[in-house]
Amino acid sequence: MSEKLQAVKGMNDLLPPDSARWEWFEETVRALMRRYGYANIRTPIVEPTPLFVRGLGEVTDIVEKEMYSFADKLNGDELTLRPEGTAGVVRAVVQHNLLYEGGKRLFYVGPMFRHERPQKGRYRQFHQVGVEAMGFAGPDVDAEVILMARSLWRDLGLTDVRLELNSLGQPDERRAHRAALIAHFEAHADVLDEEAKRRLHSNPLRILDTKNPAMQAVVEAAPKLMDFLGEVSLKHFDSVRAVLDAVGQPYRINPRLVRGMDYYNLTVFEWVTDRLGAQGTVCGGGRYDGLIEQIGGKAAPAVGWGLGVERVLALLEESGVQVPALVPDAYAIVPDAAALAAATVTAELLRAQGLKVVLHAGGKDGPGSMKSQFKKADASGARYALVFGADELAQGMVAVKPLRAEAGAAPAPQRLLALAEAARWAAELHPAGATA
Ligand code: ATP
Ligand code: MG
């Protein structure tokens with residue numbers, strides 16, 4: 001035997017039955033997107049490296065240390081596995097001139113790659129769902145995307161997620177704040193850690209994001225960006241808040257919420273939970289009115305968010321949310337190879353009616369004993385066994401045996417049903433139409 005190969009560290013296989021949770025989650029997401037009028041967009045996983053350097057900003061965690069970048073072996077092009085979804089969507093929107101006839105509401109689902117230290121809720125390949133509303137300048141759309149996330153929590157049955165909100169204003173307002181911030185931190189240079197010192201003149205806003213307990217006091221006392229916002233920015237923020245208030249969505253204004261990417265302006269927000277330890281941010285986003293132009297498009301406003309799928313699924317698990325199990329409706333038992341044709345015809349008929357039917361798979365020497373087949377039927381979780389016995393088949397019938405009894409009740413008796421009428425009784429074996 002050759003040496004076993006392993007998956008890359010921090011990149012996970014997703015196996016059944018867990019994959020069923022993912023499918024259920026993704027279906028819930030797609031239904032939500034349809035309700036809000038968001039269309040799916042799929043962009044490549046590999047993009048030119050300059051897209052992220054230009055789009056996210058050079059002094060960000062992602063660009064400084066987290067990107068999987070490499071040179072194309074054939075032509076030397078600098079390429080990167082996408083670390084987030086927004087830059088690629090913006091590139092595609094600009095490249096295909098999607099905004100020429102007005103705004104676009106888009107969503108994506110897919111893997112992202114960041115070279116981080118793997119730990120619970122933090123992986124090197126992880127997955128995001130994201131929405132991007134492009135070409136809309138008003139605060140109504142900021143509120144819309146925030147409320148989409150709220151709807152998703154409701155659809156998933158999650159209650160422990162709260163909203164944090166801030167405004168980053170406009171670049172000129174940020175410049176004034178930045179000068180005040182640098183002066184403040186320079187006055188307290190003795191408590192700054194290495195990272196903060198490094199960021200002091202490149203990206204001082206990110207110092208507010210620090211998790212270093214020794215710096216909390218000086219960060220708390222730092223000048224607040226909100227105090228530097230002009231009338232227009234404040235009005236935008238107030239309008240977002242007014243919608244949230246109108247629908248009864250509570251939020252906390254967090255002046256230290258600055259987000260990781262340089263591209264944000266005005267509204268920024270995060271949905272956070274206390275149930276996942278340090279990796280408590282499940283969804284983050286905001287407005288990015290400057291990015292489209294920065295990536296070479298005609299200037300257009302935009303707002304969106306990205307959500308960490310692994311974290312949301314961990315939260316579902318942590319919260320004890322039951323996900324509908326993907327069990328077959330029926331498992332077809334084939335006592336003898338001679339019954340295979342009839343069993344296949346009936347299984348196909350039932351599947352065409354929307355039933356989930358697993359047909360017993362035999363080995364080289366035939367289908368195997370009834371006992372082992374019933375064991376497999378039971379283990380599959382199926383609600384019924386269909387037994388294609390020779391005597392029944394001779395009369396054009398199949399035996400339908402309930403495998404699951406109601407709690408405390410005796411299992412329902414087996415019934416004989418006509419093969420020719422399978423399309424008619426199919427509905428009875430369906431959970432919604434079940435009577436037996
Ligand atoms: P963090 O502060 O936790 O590093 P971030 O600000 O880097 O998060 P974003 O770039 O805003 O994260 O990505 C949006 C969401 O994607 C996060 O809120 C989180 O739920 C998820 N996410 C980010 N990085 C990872 C990762 N390495 N593994 C799993 N999920 C992640
Ligand atoms: Mg990060």
# chains A, B, ... in the order shown; residues from 1 in each chain; ligands from 1

call {"tool": "residues_near_ligand", "arguments": {"ligand": "ligand 1", "cutoff": "8 Å", "atoms": "only C-alpha atoms and all ligand atoms", "output": "MDAnalysis selection string"}}
result
chainID A and resid 61:62 83:84 113:116 118 121:128 259:261 270:271 278:285 305:312

call {"tool": "select_by_dssp", "arguments": {"residues": "region 168-329 of chain A", "states": "alpha helix (DSSP H)", "output": "PyMOL selection string"}}
result
chain A and resi 171-187+194-199+216-220+231-246+291-294+309-318

call {"tool": "select_by_dssp", "arguments": {"residues": "region 58-211 of chain A", "states": "strand (DSSP E or B)", "output": "PyMOL selection string"}}
result
chain A and resi 68-71+78-81+104-113+119+122+125-134+162-167

call {"tool": "atom_distance", "arguments": {"atom1": "CA of Lys364 (chain A)", "atom2": "CA of Gln395 (chain A)"}}
result
28.7 Å

call {"tool": "closest_residue", "arguments": {"among": "A:Val46, A:Asn75, A:Arg162, A:Asp209", "to": "Tyr251 (chain A)", "atoms": "only C-alpha atoms"}}
result
A:Arg162

call {"tool": "residues_around", "arguments": {"residues": "region 136-148 of chain A", "least_positions_apart": "3", "cutoff": "7 Å", "atoms": "only C-alpha atoms", "output": "count of residues only"}}
result
13

call {"tool": "closest_residue", "arguments": {"among": "A:Val94, A:Val218, A:Leu181, A:Glu186", "to": "Pro204 (chain A)", "atoms": "only C-alpha atoms"}}
result
A:Leu181

call {"tool": "closest_residue", "arguments": {"among": "A:Val327, A:Met112, A:Leu106, A:Leu234", "to": "Tyr68 (chain A)", "atoms": "only C-alpha atoms"}}
result
A:Met112
